[in-house]
Structure formats: structure tokens, C-alpha cells
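model-v8.cif follows; it contains mmCIF, C-alpha atoms.
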```
data_protein
#
loop_
_atom_site.label_atom_id
_atom_site.label_comp_id
_atom_site.auth_asym_id
_atom_site.auth_seq_id
_atom_site.Cartn_x
_atom_site.Cartn_y
_atom_site.Cartn_z
CA MET A 1 -16.83 -82.84 -19.53
CA ALA A 2 -17.67 -80.26 -16.92
CA ALA A 3 -21.02 -78.58 -16.44
CA GLY A 4 -21.27 -75.31 -18.37
CA PRO A 5 -23.65 -72.43 -18.97
CA MET A 6 -27.42 -72.60 -19.42
CA ARG A 7 -29.38 -70.92 -22.20
CA ILE A 8 -33.01 -69.91 -21.68
CA ARG A 9 -35.62 -68.43 -24.03
CA ALA A 10 -38.99 -67.17 -22.83
CA LYS A 11 -41.78 -66.37 -25.27
CA ILE A 12 -45.21 -64.96 -24.40
CA ASP A 13 -48.05 -67.15 -25.70
CA GLY A 14 -51.32 -65.54 -24.58
CA GLU A 15 -51.75 -65.94 -20.82
CA THR A 16 -48.70 -68.12 -20.44
CA VAL A 17 -45.01 -67.98 -21.23
CA ASN A 18 -43.28 -70.79 -23.07
CA VAL A 19 -39.82 -71.44 -21.65
CA ARG A 20 -37.16 -73.40 -23.49
CA ALA A 21 -33.87 -74.19 -21.80
CA LEU A 22 -30.69 -75.89 -22.88
CA MET A 23 -28.40 -76.91 -20.04
CA SER A 24 -24.79 -77.89 -20.44
CA HIS A 25 -24.17 -81.05 -18.43
CA PRO A 26 -22.52 -84.46 -19.08
CA MET A 27 -25.45 -86.46 -17.59
CA GLU A 28 -23.29 -89.54 -16.90
CA THR A 29 -25.43 -92.45 -15.74
CA GLY A 30 -22.68 -94.18 -13.76
CA LEU A 31 -23.29 -97.32 -15.84
CA ARG A 32 -20.91 -96.57 -18.73
CA LYS A 33 -17.32 -97.77 -18.94
CA ASP A 34 -14.39 -95.94 -20.51
CA SER A 35 -12.05 -97.48 -23.12
CA SER A 36 -9.95 -99.17 -20.40
CA GLY A 37 -13.02 -100.75 -18.81
CA ASN A 38 -13.27 -98.46 -15.78
CA THR A 39 -16.73 -97.31 -14.76
CA ILE A 40 -17.33 -93.62 -15.46
CA PRO A 41 -18.74 -92.15 -12.20
CA ALA A 42 -22.35 -90.97 -12.17
CA HIS A 43 -22.70 -87.23 -12.75
CA TYR A 44 -26.17 -86.01 -13.59
CA ILE A 45 -28.70 -83.33 -12.72
CA THR A 46 -31.07 -84.56 -10.02
CA GLU A 47 -33.33 -81.55 -9.58
CA VAL A 48 -34.52 -78.64 -11.68
CA THR A 49 -36.59 -75.81 -10.21
CA ALA A 50 -38.46 -73.17 -12.18
CA SER A 51 -39.70 -70.05 -10.44
CA VAL A 52 -41.52 -66.88 -11.46
CA ASN A 53 -40.53 -63.75 -9.53
CA GLY A 54 -38.96 -65.96 -6.87
CA LYS A 55 -41.96 -68.29 -6.40
CA THR A 56 -41.46 -71.95 -7.33
CA VAL A 57 -43.96 -73.05 -9.97
CA LEU A 58 -42.50 -76.30 -11.33
CA THR A 59 -39.92 -78.80 -10.11
CA ALA A 60 -38.41 -81.75 -11.90
CA GLU A 61 -36.56 -84.75 -10.51
CA TRP A 62 -34.25 -86.32 -13.06
CA SER A 63 -32.18 -89.47 -13.45
CA GLY A 64 -29.13 -90.08 -15.61
CA ALA A 65 -31.55 -91.15 -18.37
CA ILE A 66 -32.07 -87.53 -19.41
CA SER A 67 -29.89 -86.88 -22.47
CA THR A 68 -26.50 -85.16 -22.27
CA ASN A 69 -26.88 -81.37 -22.39
CA PRO A 70 -30.53 -81.53 -21.32
CA TYR A 71 -33.31 -79.75 -23.18
CA PHE A 72 -36.28 -78.74 -21.06
CA GLU A 73 -39.41 -76.98 -22.27
CA PHE A 74 -42.41 -75.95 -20.16
CA ASP A 75 -45.12 -73.29 -19.82
CA VAL A 76 -45.80 -71.03 -16.85
CA LYS A 77 -48.39 -68.40 -16.05
CA ALA A 78 -46.43 -65.16 -16.42
CA LYS A 79 -46.44 -61.83 -18.25
CA ALA A 80 -44.04 -59.25 -19.65
CA GLY A 81 -41.66 -57.94 -16.99
CA ASP A 82 -41.80 -61.13 -14.89
CA LYS A 83 -38.53 -62.81 -14.04
CA ILE A 84 -38.25 -66.53 -14.69
CA THR A 85 -35.46 -68.40 -12.92
CA LEU A 86 -34.28 -71.89 -13.69
CA LYS A 87 -31.93 -73.69 -11.32
CA TRP A 88 -30.44 -77.16 -11.44
CA VAL A 89 -28.60 -79.21 -8.83
CA ASP A 90 -26.63 -82.36 -9.67
CA ASN A 91 -25.67 -85.48 -7.71
CA LYS A 92 -22.27 -83.94 -6.86
CA GLY A 93 -23.92 -80.90 -5.32
CA GLU A 94 -22.94 -78.59 -8.18
CA SER A 95 -25.61 -76.15 -9.26
CA LYS A 96 -26.37 -73.49 -11.85
CA GLU A 97 -28.99 -70.78 -11.93
CA GLU A 98 -30.11 -68.48 -14.72
CA THR A 99 -32.77 -65.77 -14.75
CA ILE A 100 -34.51 -64.27 -17.76
CA GLU A 101 -36.93 -61.35 -17.92
CA VAL A 102 -40.05 -61.93 -20.02
CA LYS A 103 -40.26 -59.39 -22.86
CA MET B 1 -14.31 -62.42 13.30
CA GLN B 2 -13.73 -63.46 9.73
CA ARG B 3 -11.16 -65.97 10.81
CA ARG B 4 -13.56 -67.42 13.35
CA GLU B 5 -16.25 -67.91 10.69
CA VAL B 6 -13.78 -69.60 8.41
CA LEU B 7 -12.77 -71.87 11.26
CA LYS B 8 -16.39 -72.64 12.06
CA ALA B 9 -17.08 -73.51 8.43
CA GLY B 10 -14.03 -75.73 8.46
CA VAL B 11 -15.22 -77.60 11.54
CA GLY B 12 -18.67 -77.99 9.98
CA LEU B 13 -17.21 -79.60 6.90
CA GLY B 14 -15.00 -81.75 9.09
CA VAL B 15 -17.97 -83.17 10.96
CA PHE B 16 -19.82 -83.78 7.72
CA GLY B 17 -16.78 -85.50 6.27
CA THR B 18 -16.57 -87.73 9.33
CA LEU B 19 -20.23 -88.66 8.96
CA ILE B 20 -19.64 -89.63 5.34
CA ALA B 21 -16.52 -91.59 6.26
CA SER B 22 -18.32 -93.40 9.07
CA GLY B 23 -21.11 -94.33 6.67
CA LEU B 24 -23.78 -92.47 8.65
CA VAL B 25 -24.41 -90.19 5.71
CA GLN B 26 -24.18 -91.63 2.21
CA PRO B 27 -22.53 -89.13 -0.16
CA ARG B 28 -25.22 -89.84 -2.77
CA LEU B 29 -28.03 -89.11 -0.33
CA ALA B 30 -26.21 -86.10 1.02
CA HIS B 31 -26.66 -84.34 -2.31
CA ALA B 32 -29.61 -86.02 -3.99
CA ALA B 33 -32.63 -84.52 -2.32
CA ARG B 34 -35.00 -86.27 -4.68
CA GLN B 35 -38.40 -86.99 -3.13
CA MET B 36 -38.69 -90.04 -5.36
CA GLU B 37 -35.23 -91.45 -4.57
CA ASN B 38 -36.54 -94.98 -3.92
CA ALA B 39 -38.41 -95.01 -7.22
CA PHE B 40 -35.27 -93.85 -9.08
CA GLN B 41 -33.29 -96.73 -7.53
CA ALA B 42 -35.89 -99.30 -8.64
CA LYS B 43 -34.85 -101.44 -11.62
CA SER B 44 -38.03 -102.75 -13.24
CA LEU B 45 -41.05 -100.76 -14.40
CA GLU B 46 -43.24 -102.66 -11.96
CA GLU B 47 -41.01 -101.81 -8.96
CA ALA B 48 -40.67 -98.18 -10.06
CA LEU B 49 -44.45 -97.77 -10.51
CA LYS B 50 -44.97 -99.25 -7.06
CA ALA B 51 -42.37 -96.92 -5.50
CA VAL B 52 -44.06 -93.91 -7.10
CA GLY B 53 -47.39 -95.13 -5.67
CA ALA B 54 -48.85 -95.68 -9.14
CA SER B 55 -49.38 -99.46 -9.20
CA GLY B 56 -52.70 -100.16 -10.86
CA ALA B 57 -52.91 -96.71 -12.51
CA ALA B 58 -55.90 -96.53 -14.86
CA ALA B 59 -55.23 -96.24 -18.61
CA SER B 60 -56.24 -92.78 -19.81
CA ASN B 61 -56.68 -91.10 -23.18
CA ASP B 62 -56.27 -87.71 -21.51
CA ILE B 63 -52.51 -88.09 -21.34
CA VAL B 64 -50.66 -87.12 -24.48
CA LEU B 65 -47.32 -88.89 -24.82
CA THR B 66 -45.53 -87.77 -27.96
CA ALA B 67 -42.43 -89.74 -28.95
CA PRO B 68 -41.04 -90.95 -32.28
CA ASP B 69 -42.13 -94.40 -33.57
CA ILE B 70 -38.53 -95.04 -34.50
CA ALA B 71 -35.60 -93.31 -32.82
CA GLU B 72 -32.44 -93.50 -34.89
CA ASN B 73 -30.30 -92.39 -31.98
CA GLY B 74 -31.22 -93.81 -28.57
CA ALA B 75 -29.02 -91.21 -26.85
CA VAL B 76 -31.42 -88.41 -27.77
CA VAL B 77 -35.10 -89.38 -27.93
CA PRO B 78 -37.44 -86.36 -27.84
CA ILE B 79 -40.45 -86.84 -25.54
CA GLU B 80 -43.40 -84.55 -24.93
CA LEU B 81 -45.77 -85.16 -22.03
CA GLU B 82 -49.08 -83.40 -21.58
CA SER B 83 -51.93 -84.06 -19.19
CA LYS B 84 -55.48 -82.95 -20.00
CA LEU B 85 -56.71 -84.27 -16.64
CA PRO B 86 -57.87 -81.55 -14.24
CA ASN B 87 -55.73 -80.89 -11.16
CA THR B 88 -52.62 -82.57 -12.53
CA GLU B 89 -49.99 -82.52 -9.79
CA MET B 90 -47.34 -84.78 -11.26
CA ILE B 91 -46.20 -86.45 -14.47
CA ALA B 92 -43.63 -89.27 -14.28
CA LEU B 93 -41.79 -90.73 -17.26
CA PHE B 94 -40.58 -94.33 -17.42
CA VAL B 95 -38.60 -96.25 -20.04
CA GLU B 96 -39.45 -99.88 -19.36
CA LYS B 97 -36.24 -101.49 -20.64
CA ASN B 98 -33.71 -98.98 -19.28
CA PRO B 99 -31.56 -100.25 -16.36
CA ASN B 100 -33.63 -98.03 -14.03
CA ALA B 101 -37.12 -97.57 -15.45
CA LEU B 102 -37.91 -94.16 -13.91
CA SER B 103 -36.37 -91.36 -15.98
CA ALA B 104 -37.97 -88.18 -14.67
CA VAL B 105 -40.72 -86.81 -12.45
CA PHE B 106 -42.29 -83.37 -12.94
CA HIS B 107 -44.26 -81.66 -10.16
CA PHE B 108 -46.68 -78.91 -11.17
CA THR B 109 -48.25 -76.06 -9.22
CA PRO B 110 -51.35 -74.37 -10.67
CA GLU B 111 -48.95 -71.69 -11.98
CA ALA B 112 -47.45 -74.10 -14.52
CA LEU B 113 -49.22 -75.91 -17.36
CA PRO B 114 -49.04 -79.73 -17.14
CA ARG B 115 -46.93 -80.03 -20.26
CA VAL B 116 -43.18 -80.62 -20.60
CA LYS B 117 -40.77 -81.52 -23.34
CA THR B 118 -37.35 -83.10 -22.89
CA ARG B 119 -35.00 -85.69 -24.39
CA VAL B 120 -34.15 -89.07 -22.90
CA LYS B 121 -31.70 -91.91 -23.43
CA MET B 122 -33.00 -95.33 -24.43
CA GLY B 123 -30.73 -98.39 -24.36
CA GLN B 124 -32.99 -100.41 -26.65
CA SER B 125 -36.49 -100.54 -28.15
CA SER B 126 -38.98 -100.24 -25.32
CA ASP B 127 -42.33 -99.04 -24.12
CA VAL B 128 -42.24 -95.48 -22.82
CA VAL B 129 -44.76 -94.96 -20.03
CA ALA B 130 -46.24 -91.72 -18.73
CA VAL B 131 -47.98 -91.68 -15.35
CA VAL B 132 -50.08 -88.72 -14.23
CA LYS B 133 -51.23 -87.98 -10.70
CA ALA B 134 -54.35 -85.82 -10.86
CA GLY B 135 -56.74 -85.12 -8.02
CA GLY B 136 -54.90 -87.70 -5.92
CA LYS B 137 -55.43 -90.52 -8.47
CA TYR B 138 -53.02 -92.15 -10.89
CA TYR B 139 -53.47 -92.55 -14.65
CA MET B 140 -51.15 -93.86 -17.34
CA THR B 141 -50.51 -94.24 -21.02
CA LYS B 142 -47.71 -95.86 -23.02
CA LYS B 143 -46.11 -95.90 -26.43
CA GLU B 144 -43.58 -98.20 -28.02
CA VAL B 145 -40.41 -96.57 -29.38
CA LYS B 146 -38.11 -98.61 -31.62
CA VAL B 147 -34.46 -97.71 -31.19
CA THR B 148 -32.04 -98.26 -34.07
CA LEU B 149 -28.86 -97.37 -32.12
CA GLY B 150 -28.87 -97.71 -28.31
CA GLY B 151 -27.95 -94.66 -26.25
CA CYS B 152 -26.50 -96.10 -23.07
CA GLY B 153 -23.48 -98.02 -24.35
CA GLY B 154 -19.88 -96.87 -23.98
#
```

Any chance you could put this one into C-alpha cells?
Amino acid sequence: MAAGPMRIRAKIDGETVNVRALMSHPMETGLRKDSSGNTIPAHYITEVTASVNGKTVLTAEWSGAISTNPYFEFDVKAKAGDKITLKWVDNKGESKEETIEVK
Amino acid sequence: MQRREVLKAGVGLGVFGTLIASGLVQPRLAHAARQMENAFQAKSLEEALKAVGASGAAASNDIVLTAPDIAENGAVVPIELESKLPNTEMIALFVEKNPNALSAVFHFTPEALPRVKTRVKMGQSSDVVAVVKAGGKYYMTKKEVKVTLGGCGG
């Protein structure tokens, strides 16, 4: 399974904005074997960066223990009109970035 | 001009490839820029806590670790982590009985609230441990999650 698109929702909650993201990624640990007994190579997101108007506010370091098609929810200080960007990088150097404007 | 840049890029990749082939640069390290790489490589909870710098973290009731008592599917175990400790810089999540205990590390700036929600894989019933670094000190809490069907098998 290849890495696919990312879906983000941002909802204003008083002074902060609640962000919920669903990433499309196999998150292979590198410990599983296929039906013929061959090890399935590791392929997982290693870093996630959240930024508001281009400024990094939260970073996450992940292992292959995060579930397939990762769900990630967090809260940042932001307001209507701000742009929230979420970017991930995986152990193969692939990356995906998505930006949402707070409404 | 364009051709020259393409050539330059090609040479750059060539050198990098040689470094990988010669073993000077490990492909894994070449991409994984994780600060906590050593802690992620650690097997046991004890080793991982040590690698994070959190050995001897004090138990705290100001860390909220929300996870199900019983997870029917170990492949998708919802976890919520929240720190009520002032100046929280980091929250790390460990699953004691997974092959590598450290699952995730979250770094917060003052522009983000110290609360995250995600889903993790659990191979078997285990303690889930949350470690918080706040004001330069380490705190922890844990919760046992019983897994009906493991999430790391093939």
C-alpha cells in the first residue's frame, strides 16, 4: 500500500483551534512477515510537523507502532484566517504536506 | 545552464549513493532525522526510558492518560495524552510489551496545548506509559490495557 492523501479538519474552540488529521500511510513496522515468510520492509512516518502561518508549533516523532492510516489530534493557539499546515516525513524520505485555513 | 544543474544534481546523488554503499551513511539514518533515534531503537521500557533521559521519572497525577481498559483490536488502540503540568515541553508514549517500547514523542511549543490523541498498535496486553518533561523534569503515569487480538502479527 502506498502513502496517499491527508485529510485535516480545524475547528475553533475559544482561544485555540482543535485540529484532527487522518493520514494515509501503511505504517509497516518492519517486523511483519508476508504469507511466504519474507519480512515486509519497514515503511512508517518518522516525523510530523504542525505549523501555524509557517511557524512550527508542534512536532511529533513516531515509530512503526502508530496504527496504519494514522489519526492525529491536537490543539494550537490560532484564530480564524490562520493557516495550519501539517507535514509528515517517513523513513523512506517520502513526505506529504497539507494546509487548511481556519474558518 | 539547465543541463549543468541536472548534471550537478546527478553527481550529488552519486556521491550520496557511494556513501550509502560504502556504509558511511546508513540509509535509515539518512532519512530518519528523529532526535530520539536511540530511544526508538531501544527494546525494553527500561532502556527506552533511559535513552529518553527519563529514568527515575516521578509518578504524577497531573498526566492524563486515556486508553481503553480492554482493546478488542490491538492494531488500533486509541490513546489520549494530556499534561496539566506547567511548562510541558514533551510527552512520550511507551507500550511496555511492544518489541520497541517507545511509540511516539510529541514536542510542544507554548503555541500548542500539551494534549494529543492518536492510535497505536499493541502486540499483547501491556502497561502503556506516558512520560512528560515539564520545566526540565520528568514525570510519568501508566495504565494497563488488555488486548483481545494482538495488532502486530502477520

>> Give me, as a ChimeraX atom specification, the residues of chain A touching chain B, with the criterion being at most 6 Å (counting all atoms listed in the file).
In response: /A:32-33,57-63,65-67,71-77,91,93

For those residues, write C-alpha atoms to a file as a CSV table (one decimal), keeping the file's coordinate frame.
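Once everything was written out, this is result_10.csv:
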```
chain,number,residue,atom,x,y,z
A,32,ARG,CA,-20.9,-96.6,-18.7
A,33,LYS,CA,-17.3,-97.8,-18.9
A,57,VAL,CA,-44.0,-73.0,-10.0
A,58,LEU,CA,-42.5,-76.3,-11.3
A,59,THR,CA,-39.9,-78.8,-10.1
A,60,ALA,CA,-38.4,-81.8,-11.9
A,61,GLU,CA,-36.6,-84.8,-10.5
A,62,TRP,CA,-34.2,-86.3,-13.1
A,63,SER,CA,-32.2,-89.5,-13.4
A,65,ALA,CA,-31.6,-91.2,-18.4
A,66,ILE,CA,-32.1,-87.5,-19.4
A,67,SER,CA,-29.9,-86.9,-22.5
A,71,TYR,CA,-33.3,-79.8,-23.2
A,72,PHE,CA,-36.3,-78.7,-21.1
A,73,GLU,CA,-39.4,-77.0,-22.3
A,74,PHE,CA,-42.4,-76.0,-20.2
A,75,ASP,CA,-45.1,-73.3,-19.8
A,76,VAL,CA,-45.8,-71.0,-16.8
A,77,LYS,CA,-48.4,-68.4,-16.0
A,91,ASN,CA,-25.7,-85.5,-7.7
A,93,GLY,CA,-23.9,-80.9,-5.3
```

>> For this structure, which residues satisfy the selection - the PyMOL selection byres ((chain A and resi 25) around 6) - when it is evaluated on the file as given? I want them as a list of chain:residue names.
In response: A:Ala3, A:Ser24, A:Pro26, A:Met27, A:Asn69

> Distance atom CA of B:Glu96-atom CA of A:Arg20, one decimal place?
Replying inline: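 Distance reported for this atom pair: 26.9 Å.
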
>> Please list as a PyMOL selection string every residue within 10 Å of B:Pro68, counting all atoms listed in the file and excluding residues in the same chain fewer than 4 positions away.
In response: chain B and resi 72+77-79+143-147

Take the selection from the previous step and output its residues with C-alpha atoms, as a PDB file, keeping the file's coordinate frame.
```pdb
ATOM      1  CA  GLU B  72     -32.440 -93.500 -34.890  1.00  0.00           C
ATOM      2  CA  VAL B  77     -35.100 -89.380 -27.930  1.00  0.00           C
ATOM      3  CA  PRO B  78     -37.440 -86.360 -27.840  1.00  0.00           C
ATOM      4  CA  ILE B  79     -40.450 -86.840 -25.540  1.00  0.00           C
ATOM      5  CA  LYS B 143     -46.110 -95.900 -26.430  1.00  0.00           C
ATOM      6  CA  GLU B 144     -43.580 -98.200 -28.020  1.00  0.00           C
ATOM      7  CA  VAL B 145     -40.410 -96.570 -29.380  1.00  0.00           C
ATOM      8  CA  LYS B 146     -38.110 -98.610 -31.620  1.00  0.00           C
ATOM      9  CA  VAL B 147     -34.460 -97.710 -31.190  1.00  0.00           C
TER      10      VAL B 147
END
```

> What is the distance between atom CA of B:Pro86 and atom CA of B:Tyr139, in Å to one decimal?
Replying inline: 11.9 Å

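Between atom CA of B:Ala57 and atom CA of B:Tyr138 there is a distance of 4.8 Å.
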
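Against the coordinates shown, the PyMOL selection byres ((chain B and resi 85) around 10) returns Ser60, Asn61, Asp62, Ile63, Glu82, Ser83, Lys84, Pro86, Asn87, Thr88, Glu89, Pro114, Val132, Lys133, Ala134, Gly135 and Tyr139 of chain B.
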
> Looking at all atoms listed in the file, which of A:Val89, A:Ala50, A:Ile40, A:Ile84 is the one that sits closest to A:Lys11?
Replying inline: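 Ranking A:Val89, A:Ala50, A:Ile40, A:Ile84 by distance to A:Lys11, first place goes to A:Ile84.
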
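Among A:Ala42, A:Glu28, A:Gly54, A:Arg7, the residue with the shortest atom-to-atom distance to A:Lys83, counting only C-alpha atoms, is A:Gly54.
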
> Restricting the calculation to all atoms listed in the file, which member of B:Lys50, B:Lys43, B:Lys97, B:Lys142 is positioned closest to B:Val128?
Replying inline: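 Using all atoms listed in the file, the shortest distance to B:Val128 belongs to B:Lys142.
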
> Counting only C-alpha atoms, which of A:Thr56, A:Thr16, A:Ser36, A:Thr99 gets nearest to A:Ala80?
Replying inline: A:Thr16

Hey, what's within 8 Å of A:Pro41 if we count all atoms listed in the file and toss same-chain stuff fewer than 4 positions away? As a PDB file with C-alpha atoms, keeping the file's coordinate frame, please?
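result.pdb, freshly written:
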```
ATOM      1  CA  GLU A  28     -23.290 -89.540 -16.900  1.00  0.00           C
ATOM      2  CA  THR A  29     -25.430 -92.450 -15.740  1.00  0.00           C
ATOM      3  CA  GLY A  30     -22.680 -94.180 -13.760  1.00  0.00           C
ATOM      4  CA  LEU A  31     -23.290 -97.320 -15.840  1.00  0.00           C
TER       5      LEU A  31
END
```
